[in-house]
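The file data_32.pdb contains PDB, C-alpha atoms:
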```pdb
ATOM      1  CA  MET A  19     106.451 107.637  97.706
ATOM      2  CA  GLU A  20     107.543 108.996 101.074
ATOM      3  CA  ARG A  21     108.040 106.856 104.154
ATOM      4  CA  PRO A  22     107.865 109.133 107.249
ATOM      5  CA  LEU A  23     109.895 108.705 110.419
ATOM      6  CA  SER A  24     111.342 105.354 109.465
ATOM      7  CA  ARG A  25     114.907 104.231 110.126
ATOM      8  CA  ALA A  26     114.656 100.481 109.719
ATOM      9  CA  PRO A  27     112.820  98.408 107.123
ATOM     10  CA  PRO A  28     109.771  96.624 108.583
ATOM     11  CA  SER A  29     110.593  92.987 109.139
ATOM     12  CA  ALA A  30     107.558  91.516 107.432
ATOM     13  CA  ARG A  31     106.427  94.073 104.856
ATOM     14  CA  HIS A  32     108.094  92.453 101.858
ATOM     15  CA  ASP A  33     108.179  88.798 102.874
ATOM     16  CA  ALA A  34     107.515  86.552  99.895
ATOM     17  CA  ASP A  35     106.175  83.027  99.583
ATOM     18  CA  ILE A  36     109.107  80.657  99.252
ATOM     19  CA  GLN A  37     109.154  77.566  97.081
ATOM     20  CA  GLY A  38     112.116  75.243  96.967
ATOM     21  CA  GLY A  39     113.854  74.053  93.852
ATOM     22  CA  LYS A  40     116.621  71.758  92.754
ATOM     23  CA  GLY A  41     120.267  72.571  92.607
ATOM     24  CA  GLN A  42     123.575  72.006  94.293
ATOM     25  CA  ILE A  43     126.289  74.309  95.566
ATOM     26  CA  ARG A  44     129.410  73.272  97.370
ATOM     27  CA  THR A  45     130.855  75.302 100.190
ATOM     28  CA  ARG A  46     134.182  75.249 101.962
ATOM     29  CA  ARG A  47     134.748  76.810 105.365
ATOM     30  CA  THR A  48     137.055  79.824 105.194
ATOM     31  CA  PRO A  49     137.671  82.693 107.640
ATOM     32  CA  LEU A  50     135.138  85.521 107.397
ATOM     33  CA  SER A  51     137.961  87.985 106.685
ATOM     34  CA  SER A  52     138.837  86.011 103.559
ATOM     35  CA  VAL A  53     135.191  86.008 102.520
ATOM     36  CA  ILE A  54     135.003  89.794 102.914
ATOM     37  CA  ARG A  55     138.181  90.305 100.878
ATOM     38  CA  LEU A  56     136.804  88.111  98.111
ATOM     39  CA  ALA A  57     133.435  89.858  98.248
ATOM     40  CA  ALA A  58     135.198  93.224  97.976
ATOM     41  CA  LEU A  59     136.872  92.150  94.762
ATOM     42  CA  ILE A  60     133.584  90.819  93.398
ATOM     43  CA  VAL A  61     131.756  94.061  94.222
ATOM     44  CA  ILE A  62     134.430  96.168  92.504
ATOM     45  CA  MET A  63     134.139  94.006  89.398
ATOM     46  CA  ILE A  64     130.381  93.829  89.216
ATOM     47  CA  ALA A  65     129.953  97.522  90.008
ATOM     48  CA  VAL A  66     131.049  98.286  86.448
ATOM     49  CA  PHE A  67     128.484  95.781  85.080
ATOM     50  CA  GLY A  68     130.974  94.552  82.542
ATOM     51  CA  PHE A  69     130.123  90.866  82.736
ATOM     52  CA  LEU A  70     126.692  90.606  84.313
ATOM     53  CA  PRO A  71     123.824  89.132  82.247
ATOM     54  CA  ASP A  72     120.955  91.379  81.192
ATOM     55  CA  GLN A  73     117.666  90.854  83.013
ATOM     56  CA  ALA A  74     114.568  91.012  80.854
ATOM     57  CA  ALA A  75     112.086  91.865  83.599
ATOM     58  CA  GLU A  76     111.773  95.388  84.945
ATOM     59  CA  ALA A  77     109.748  96.508  87.955
ATOM     60  CA  GLN A  78     107.165  99.276  87.773
ATOM     61  CA  ALA A  79     108.192 102.645  89.300
ATOM     62  CA  VAL A  80     111.834 101.649  89.216
ATOM     63  CA  CYS A  81     114.615 104.006  90.248
ATOM     64  CA  LYS A  82     117.211 104.314  87.489
ATOM     65  CA  ASP A  83     120.264 104.127  89.733
ATOM     66  CA  TYR A  84     122.318 101.382  91.342
ATOM     67  CA  VAL A  85     123.447 100.395  94.809
ATOM     68  CA  THR A  86     126.569  98.658  96.072
ATOM     69  CA  GLY A  87     127.279  97.247  99.489
ATOM     70  CA  LEU A  88     129.932  95.305 101.331
ATOM     71  CA  GLY A  89     130.107  94.410 105.000
ATOM     72  CA  THR A  90     128.700  92.337 107.803
ATOM     73  CA  ILE A  91     125.525  92.168 109.847
ATOM     74  CA  LYS A  92     124.808  90.210 113.016
ATOM     75  CA  SER A  93     123.730  86.687 112.204
ATOM     76  CA  PRO A  94     120.057  86.048 113.046
ATOM     77  CA  ILE A  95     121.204  82.715 114.507
ATOM     78  CA  GLY A  96     123.957  82.486 117.097
ATOM     79  CA  THR A  97     126.558  85.081 118.008
ATOM     80  CA  GLY A  98     128.513  85.456 114.775
ATOM     81  CA  ASN A  99     128.232  87.740 111.750
ATOM     82  CA  ALA A 100     126.974  87.258 108.206
ATOM     83  CA  GLY A 101     129.034  88.726 105.363
ATOM     84  CA  PHE A 102     127.457  90.250 102.246
ATOM     85  CA  GLY A 103     128.530  91.869  98.991
ATOM     86  CA  PHE A 104     126.356  93.183  96.157
ATOM     87  CA  ALA A 105     125.990  95.533  93.197
ATOM     88  CA  VAL A 106     122.446  95.874  91.815
ATOM     89  CA  GLY A 107     120.425  98.235  89.651
ATOM     90  CA  TYR A 108     120.873 100.429  86.567
ATOM     91  CA  PHE A 109     124.435 101.591  85.871
ATOM     92  CA  THR A 110     123.015 104.371  83.669
ATOM     93  CA  PRO A 111     119.407 105.523  83.138
ATOM     94  CA  THR A 112     119.361 103.635  79.823
ATOM     95  CA  SER A 113     121.021 100.442  81.097
ATOM     96  CA  ARG A 114     119.108  97.249  81.639
ATOM     97  CA  LEU A 115     118.552  95.895  85.135
ATOM     98  CA  ARG A 116     121.520  93.823  86.295
ATOM     99  CA  GLY A 117     123.046  92.693  89.547
ATOM    100  CA  ALA A 118     124.697  90.102  91.735
ATOM    101  CA  MET A 119     124.885  89.394  95.446
ATOM    102  CA  ALA A 120     126.450  86.873  97.811
ATOM    103  CA  VAL A 121     125.698  86.209 101.485
ATOM    104  CA  ILE A 122     127.732  83.905 103.749
ATOM    105  CA  ASP A 123     126.630  83.173 107.308
ATOM    106  CA  TRP A 124     128.833  80.488 108.857
ATOM    107  CA  THR A 125     127.092  80.721 112.239
ATOM    108  CA  GLY A 126     123.652  80.113 110.761
ATOM    109  CA  GLY A 127     124.834  77.682 108.096
ATOM    110  CA  PHE A 128     123.320  79.867 105.349
ATOM    111  CA  PHE A 129     124.895  80.576 101.973
ATOM    112  CA  MET A 130     123.280  82.512  99.105
ATOM    113  CA  LYS A 131     124.331  83.445  95.580
ATOM    114  CA  THR A 132     121.834  85.353  93.451
ATOM    115  CA  LEU A 133     120.961  84.009  90.013
ATOM    116  CA  THR A 134     118.627  86.779  88.799
ATOM    117  CA  VAL A 135     117.513  90.280  89.681
ATOM    118  CA  ASP A 136     113.916  90.547  88.480
ATOM    119  CA  ALA A 137     112.799  93.776  90.189
ATOM    120  CA  TYR A 138     114.413  96.911  91.613
ATOM    121  CA  ASN A 139     112.295  99.519  93.419
ATOM    122  CA  GLY A 140     112.998 102.570  95.510
ATOM    123  CA  TYR A 141     111.446 104.727  98.198
ATOM    124  CA  HIS A 142     112.154 108.162  99.637
ATOM    125  CA  CYS A 143     112.296 107.980 103.429
ATOM    126  CA  VAL A 144     112.623 110.413 106.324
ATOM    127  CA  GLY A 145     113.840 109.647 109.815
ATOM    128  CA  PRO A 146     115.552 111.087 112.889
ATOM    129  CA  ASN A 147     118.817 111.485 110.959
ATOM    130  CA  GLY A 148     117.173 113.312 108.053
ATOM    131  CA  ILE A 149     116.600 112.144 104.488
ATOM    132  CA  CYS A 150     117.443 108.591 103.465
ATOM    133  CA  ALA A 151     117.005 106.429 100.374
ATOM    134  CA  ASP A 152     115.479 102.947 100.381
ATOM    135  CA  ARG A 153     116.106 100.355  97.636
ATOM    136  CA  ILE A 154     114.463  96.939  97.294
ATOM    137  CA  TRP A 155     115.244  94.155  94.836
ATOM    138  CA  GLY A 156     114.521  90.467  94.394
ATOM    139  CA  GLY A 157     114.701  87.448  92.142
ATOM    140  CA  ASP A 158     115.939  83.871  92.406
ATOM    141  CA  ALA A 159     118.975  82.681  94.340
ATOM    142  CA  GLN A 160     120.910  79.489  94.939
ATOM    143  CA  VAL A 161     120.981  78.818  98.680
ATOM    144  CA  THR A 162     122.295  76.274 101.139
ATOM    145  CA  TRP A 163     120.434  76.178 104.437
ATOM    146  CA  PRO A 164     120.428  73.402 107.059
ATOM    147  CA  GLY A 165     118.464  70.544 105.506
ATOM    148  CA  PHE A 166     118.028  72.214 102.102
ATOM    149  CA  THR A 167     119.992  73.137  99.007
ATOM    150  CA  GLY A 168     118.272  74.640  95.974
ATOM    151  CA  VAL A 169     116.870  77.669  94.160
ATOM    152  CA  VAL A 170     114.412  79.943  95.990
ATOM    153  CA  PRO A 171     113.028  83.477  95.707
ATOM    154  CA  TYR A 172     114.880  86.115  97.707
ATOM    155  CA  GLN A 173     114.330  89.760  98.569
ATOM    156  CA  VAL A 174     116.724  92.413  99.857
ATOM    157  CA  GLU A 175     116.048  95.905 101.177
ATOM    158  CA  VAL A 176     118.692  98.496 102.067
ATOM    159  CA  ILE A 177     118.626 102.020 103.490
ATOM    160  CA  ASP A 178     121.437 104.481 102.714
ATOM    161  CA  TRP A 179     121.571 107.653 104.823
ATOM    162  CA  GLY A 180     123.869 109.304 102.319
ATOM    163  CA  PRO A 181     127.003 111.474 102.592
ATOM    164  CA  GLY A 182     127.842 112.987 105.941
ATOM    165  CA  THR A 183     126.414 110.119 108.002
ATOM    166  CA  SER A 184     128.095 107.104 109.529
ATOM    167  CA  PRO A 185     128.054 104.015 107.272
ATOM    168  CA  LEU A 186     127.070 102.073 110.377
ATOM    169  CA  ASP A 187     123.679 103.824 110.266
ATOM    170  CA  ASP A 188     122.928 101.909 107.038
ATOM    171  CA  TYR A 189     120.423  99.057 107.194
ATOM    172  CA  ILE A 190     120.046  95.821 105.277
ATOM    173  CA  HIS A 191     117.189  93.313 105.275
ATOM    174  CA  ILE A 192     117.760  89.913 103.639
ATOM    175  CA  THR A 193     114.957  87.368 103.244
ATOM    176  CA  ALA A 194     115.279  83.954 101.584
ATOM    177  CA  PHE A 195     113.791  80.561 102.451
ATOM    178  CA  GLY A 196     113.060  81.404 106.090
ATOM    179  CA  TYR A 197     116.380  83.188 106.596
ATOM    180  CA  ILE A 198     115.688  86.760 107.739
ATOM    181  CA  ALA A 199     118.591  89.032 108.670
ATOM    182  CA  VAL A 200     117.672  92.654 109.352
ATOM    183  CA  GLY A 201     119.365  95.525 111.161
ATOM    184  CA  LEU A 202     122.306  97.912 111.182
ATOM    185  CA  ILE A 203     125.447  96.791 109.426
ATOM    186  CA  ASN A 204     128.361  96.485 111.835
ATOM    187  CA  ARG A 205     131.156  96.719 109.235
ATOM    188  CA  GLY A 206     131.268  98.093 105.729
ATOM    189  CA  ASN A 207     129.059 100.515 103.805
ATOM    190  CA  ILE A 208     126.009 100.736 101.502
ATOM    191  CA  VAL A 209     125.979 103.411  98.794
ATOM    192  CA  ILE A 210     123.459 104.446  96.137
ATOM    193  CA  HIS A 211     125.217 105.673  92.988
ATOM    194  CA  ASN A 212     123.904 108.068  90.311
ATOM    195  CA  GLN A 213     120.816 108.477  92.483
ATOM    196  CA  ASP A 214     117.592 108.879  90.549
ATOM    197  CA  MET A 215     115.917 112.122  91.660
ATOM    198  CA  GLN A 216     112.425 111.414  90.377
ATOM    199  CA  PRO A 217     109.688 111.537  93.071
ATOM    200  CA  GLY A 218     109.923 108.481  95.282
ATOM    201  CA  CYS A 219     113.572 107.828  94.495
ATOM    202  CA  GLU A 220     115.305 110.998  95.696
TER     203      GLU A 220
END
```

Would you encode the structure as structure tokens?
Amino acid sequence: MERPLSRAPPSARHDADIQGGKGQIRTRRTPLSSVIRLAALIVIMIAVFGFLPDQAAEAQAVCKDYVTGLGTIKSPIGTGNAGFGFAVGYFTPTSRLRGAMAVIDWTGGFFMKTLTVDAYNGYHCVGPNGICADRIWGGDAQVTWPGFTGVVPYQVEVIDWGPGTSPLDDYIHITAFGYIAVGLINRGNIVIHNQDMQPGCE
């Protein structure tokens, strides 16, 4: 599937109905730099998929590759940044779907740790900078949000413009329980690995 002349993911295209659940997570305020360093270590570890649980569900028209990302994006609330780290997808074409992601937004009071990755899709896209690759995944996550702590559905979309372009041209779109952060990353990078070249994924 080709998405013409698109640089940023539409803000409402993949919004999902959100239902709260039960659960508790405890958070402790730490500097964002410490969060990013910790997230970097987590991403390096989970990128090899050595300890992540298998996911039974697989999306239709999946792209048999995986994506990693680490960085920050402007918080949708206030003037600060939200930090993120993730590794999601298929480490090899015959691997099962696996992944993990964490988001910490001190300014907005939002914290998310994914529990499952139930779907992983991809799109081919074209924009002013040339060819890009779009990956979308979702599942359930443990979140803390002002007035609520529990398990909710989440969805994430990223756009990687590939080698030869600035990492700061990469986009990320995070949606969970009314929290919507979308736009250019302002630190870090998003990379698709072992990119699937079947139509719609290349």

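The spacing separating CA of Asp214 in chain A from CA of Val121 in chain A amounts to 26.4 Å.
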
List the spatial neighbours of Thr132 in chain A as a PyMOL selection string - criterion: any atom at most 10 Å away, only C-alpha atoms, same-chain residues fewer than 4 positions off excluded. chain A and resi 104+117-121+156-161+169-172

Expressed in Å to a single decimal, how great is the separation between CA of Arg205 in chain A and CA of Ile91 in chain A?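 If I compute the distance from CA of Arg205 in chain A to CA of Ile91 in chain A, I get 7.3 Å.
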
Using all atoms listed in the file, which protein or nucleic acid residues come within 7 Å of range 96-98 of chain A? Drop anything in the same chain fewer than 3 positions from it, and give the result as a list in words.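 Returned residues: Lys92, Ser93, Thr125 and Gly126 of chain A.
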
Can you tell me, as a PyMOL selection string, which residues sit within 12 Å of (122.4, 93.9, 109.5) in the file's frame, using all atoms listed in the file? chain A and resi 26-27+29+87-94+98-102+121+123+174-177+185-193+198-208

What does the file look like for those residues with C-alpha atoms, as a tab-separated table (two decimals), in the frame of the given file?
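For reference, result33.tsv as written:
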```
chain	number	residue	atom	x	y	z
A	26	ALA	CA	114.66	100.48	109.72
A	27	PRO	CA	112.82	98.41	107.12
A	29	SER	CA	110.59	92.99	109.14
A	87	GLY	CA	127.28	97.25	99.49
A	88	LEU	CA	129.93	95.30	101.33
A	89	GLY	CA	130.11	94.41	105.00
A	90	THR	CA	128.70	92.34	107.80
A	91	ILE	CA	125.52	92.17	109.85
A	92	LYS	CA	124.81	90.21	113.02
A	93	SER	CA	123.73	86.69	112.20
A	94	PRO	CA	120.06	86.05	113.05
A	98	GLY	CA	128.51	85.46	114.78
A	99	ASN	CA	128.23	87.74	111.75
A	100	ALA	CA	126.97	87.26	108.21
A	101	GLY	CA	129.03	88.73	105.36
A	102	PHE	CA	127.46	90.25	102.25
A	121	VAL	CA	125.70	86.21	101.48
A	123	ASP	CA	126.63	83.17	107.31
A	174	VAL	CA	116.72	92.41	99.86
A	175	GLU	CA	116.05	95.90	101.18
A	176	VAL	CA	118.69	98.50	102.07
A	177	ILE	CA	118.63	102.02	103.49
A	185	PRO	CA	128.05	104.02	107.27
A	186	LEU	CA	127.07	102.07	110.38
A	187	ASP	CA	123.68	103.82	110.27
A	188	ASP	CA	122.93	101.91	107.04
A	189	TYR	CA	120.42	99.06	107.19
A	190	ILE	CA	120.05	95.82	105.28
A	191	HIS	CA	117.19	93.31	105.28
A	192	ILE	CA	117.76	89.91	103.64
A	193	THR	CA	114.96	87.37	103.24
A	198	ILE	CA	115.69	86.76	107.74
A	199	ALA	CA	118.59	89.03	108.67
A	200	VAL	CA	117.67	92.65	109.35
A	201	GLY	CA	119.36	95.52	111.16
A	202	LEU	CA	122.31	97.91	111.18
A	203	ILE	CA	125.45	96.79	109.43
A	204	ASN	CA	128.36	96.48	111.84
A	205	ARG	CA	131.16	96.72	109.24
A	206	GLY	CA	131.27	98.09	105.73
A	207	ASN	CA	129.06	100.52	103.80
A	208	ILE	CA	126.01	100.74	101.50
```

Selection under test: the PyMOL selection byres ((chain A and resi 80) around 10); residues as a VMD selection string: chain A and resid 76 to 79 81 to 83 107 to 108 115 137 to 141 153 to 155 214 216 218 to 219

One decimal, in Å: what's the spacing between CA of Val135 in chain A and CA of Met215 in chain A?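 CA of Met215 in chain A lies at a distance of 22.0 Å from CA of Val135 in chain A.
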
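For the choices A:Gly103, A:Gly168, A:Gly148, A:Pro181, the atom-to-atom distance to Phe195 in chain A is smallest for A:Gly168 when using all atoms listed in the file.
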
Counting all atoms listed in the file, which of A:Trp179, A:Phe129, A:Phe166, A:Phe109 gets nearest to His142 in chain A? A:Trp179

Render range 160-188 of chain A from the structure in the preceding block as a file of N, CA, C and O atoms, as a CSV table (one decimal), in the first residue's frame.
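result33.csv, freshly written:
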```
chain,number,residue,atom,x,y,z
A,160,GLN,N,0.5,-0.9,30.4
A,160,GLN,CA,0.3,-0.4,31.8
A,160,GLN,C,0.7,1.1,31.7
A,160,GLN,O,1.7,1.5,31.3
A,161,VAL,N,-0.3,2.0,32.1
A,161,VAL,CA,-0.1,3.4,32.1
A,161,VAL,C,-0.4,4.0,33.4
A,161,VAL,O,-1.2,3.5,34.2
A,162,THR,N,0.2,5.1,33.7
A,162,THR,CA,-0.2,6.1,34.8
A,162,THR,C,-0.4,7.4,34.1
A,162,THR,O,0.4,7.9,33.4
A,163,TRP,N,-1.5,8.0,34.4
A,163,TRP,CA,-2.0,9.2,33.8
A,163,TRP,C,-2.8,10.0,34.9
A,163,TRP,O,-3.4,9.3,35.7
A,164,PRO,N,-2.7,11.3,35.0
A,164,PRO,CA,-3.4,12.0,36.1
A,164,PRO,C,-4.8,11.5,36.3
A,164,PRO,O,-5.6,11.5,35.4
A,165,GLY,N,-5.0,10.9,37.5
A,165,GLY,CA,-6.3,10.4,37.8
A,165,GLY,C,-6.6,9.0,37.5
A,165,GLY,O,-7.7,8.4,37.7
A,166,PHE,N,-5.6,8.3,36.9
A,166,PHE,CA,-5.8,6.9,36.4
A,166,PHE,C,-4.5,6.1,36.4
A,166,PHE,O,-3.5,6.6,36.0
A,167,THR,N,-4.6,4.9,36.9
A,167,THR,CA,-3.5,3.9,36.7
A,167,THR,C,-4.2,2.6,36.3
A,167,THR,O,-5.1,2.1,37.0
A,168,GLY,N,-3.7,2.0,35.2
A,168,GLY,CA,-4.3,0.7,34.8
A,168,GLY,C,-3.7,0.2,33.5
A,168,GLY,O,-2.8,0.8,32.9
A,169,VAL,N,-4.4,-0.8,32.9
A,169,VAL,CA,-4.1,-1.4,31.6
A,169,VAL,C,-5.0,-0.9,30.6
A,169,VAL,O,-6.2,-0.9,30.7
A,170,VAL,N,-4.5,-0.4,29.5
A,170,VAL,CA,-5.3,0.2,28.4
A,170,VAL,C,-4.7,-0.2,27.0
A,170,VAL,O,-3.5,-0.6,26.9
A,171,PRO,N,-5.5,-0.2,26.0
A,171,PRO,CA,-4.9,-0.4,24.6
A,171,PRO,C,-4.0,0.8,24.3
A,171,PRO,O,-4.3,1.9,24.7
A,172,TYR,N,-3.0,0.6,23.5
A,172,TYR,CA,-2.2,1.6,23.0
A,172,TYR,C,-1.9,1.4,21.5
A,172,TYR,O,-2.1,0.3,20.9
A,173,GLN,N,-1.5,2.4,20.8
A,173,GLN,CA,-1.1,2.3,19.4
A,173,GLN,C,0.1,3.3,19.1
A,173,GLN,O,0.1,4.4,19.6
A,174,VAL,N,1.0,2.8,18.3
A,174,VAL,CA,2.2,3.6,18.0
A,174,VAL,C,2.4,3.5,16.5
A,174,VAL,O,2.3,2.5,15.9
A,175,GLU,N,2.7,4.7,15.9
A,175,GLU,CA,3.1,4.7,14.5
A,175,GLU,C,4.4,5.5,14.4
A,175,GLU,O,4.6,6.5,15.0
A,176,VAL,N,5.3,5.0,13.5
A,176,VAL,CA,6.6,5.7,13.3
A,176,VAL,C,6.9,5.8,11.8
A,176,VAL,O,6.4,4.9,11.0
A,177,ILE,N,7.6,6.8,11.4
A,177,ILE,CA,8.1,6.9,10.0
A,177,ILE,C,9.6,7.1,10.0
A,177,ILE,O,10.1,7.9,10.7
A,178,ASP,N,10.3,6.2,9.3
A,178,ASP,CA,11.7,6.2,9.1
A,178,ASP,C,12.0,6.6,7.7
A,178,ASP,O,11.6,6.0,6.8
A,179,TRP,N,12.8,7.7,7.5
A,179,TRP,CA,13.2,8.2,6.2
A,179,TRP,C,14.4,7.5,5.7
A,179,TRP,O,14.8,7.8,4.5
A,180,GLY,N,15.0,6.6,6.5
A,180,GLY,CA,16.1,5.8,5.9
A,180,GLY,C,17.4,6.4,5.9
A,180,GLY,O,17.6,7.6,6.3
A,181,PRO,N,18.5,5.7,5.4
A,181,PRO,CA,19.8,6.2,5.4
A,181,PRO,C,19.9,7.5,4.5
A,181,PRO,O,19.2,7.6,3.6
A,182,GLY,N,20.9,8.3,4.9
A,182,GLY,CA,21.1,9.5,4.2
A,182,GLY,C,20.2,10.7,4.5
A,182,GLY,O,20.3,11.8,3.9
A,183,THR,N,19.3,10.5,5.5
A,183,THR,CA,18.5,11.6,5.9
A,183,THR,C,18.7,11.9,7.4
A,183,THR,O,19.2,11.0,8.1
A,184,SER,N,18.4,13.0,7.9
A,184,SER,CA,18.5,13.4,9.3
A,184,SER,C,17.6,12.6,10.1
A,184,SER,O,16.4,12.4,9.8
A,185,PRO,N,18.1,12.0,11.2
A,185,PRO,CA,17.2,11.3,12.2
A,185,PRO,C,16.1,12.2,12.7
A,185,PRO,O,15.0,11.7,13.0
A,186,LEU,N,16.3,13.5,12.7
A,186,LEU,CA,15.3,14.4,13.2
A,186,LEU,C,14.2,14.6,12.2
A,186,LEU,O,13.3,15.4,12.5
A,187,ASP,N,14.2,14.0,11.1
A,187,ASP,CA,13.1,14.0,10.2
A,187,ASP,C,12.1,12.8,10.5
A,187,ASP,O,11.1,12.7,9.9
A,188,ASP,N,12.5,11.9,11.4
A,188,ASP,CA,11.7,10.8,11.8
A,188,ASP,C,10.5,11.2,12.6
A,188,ASP,O,10.7,12.2,13.4
```
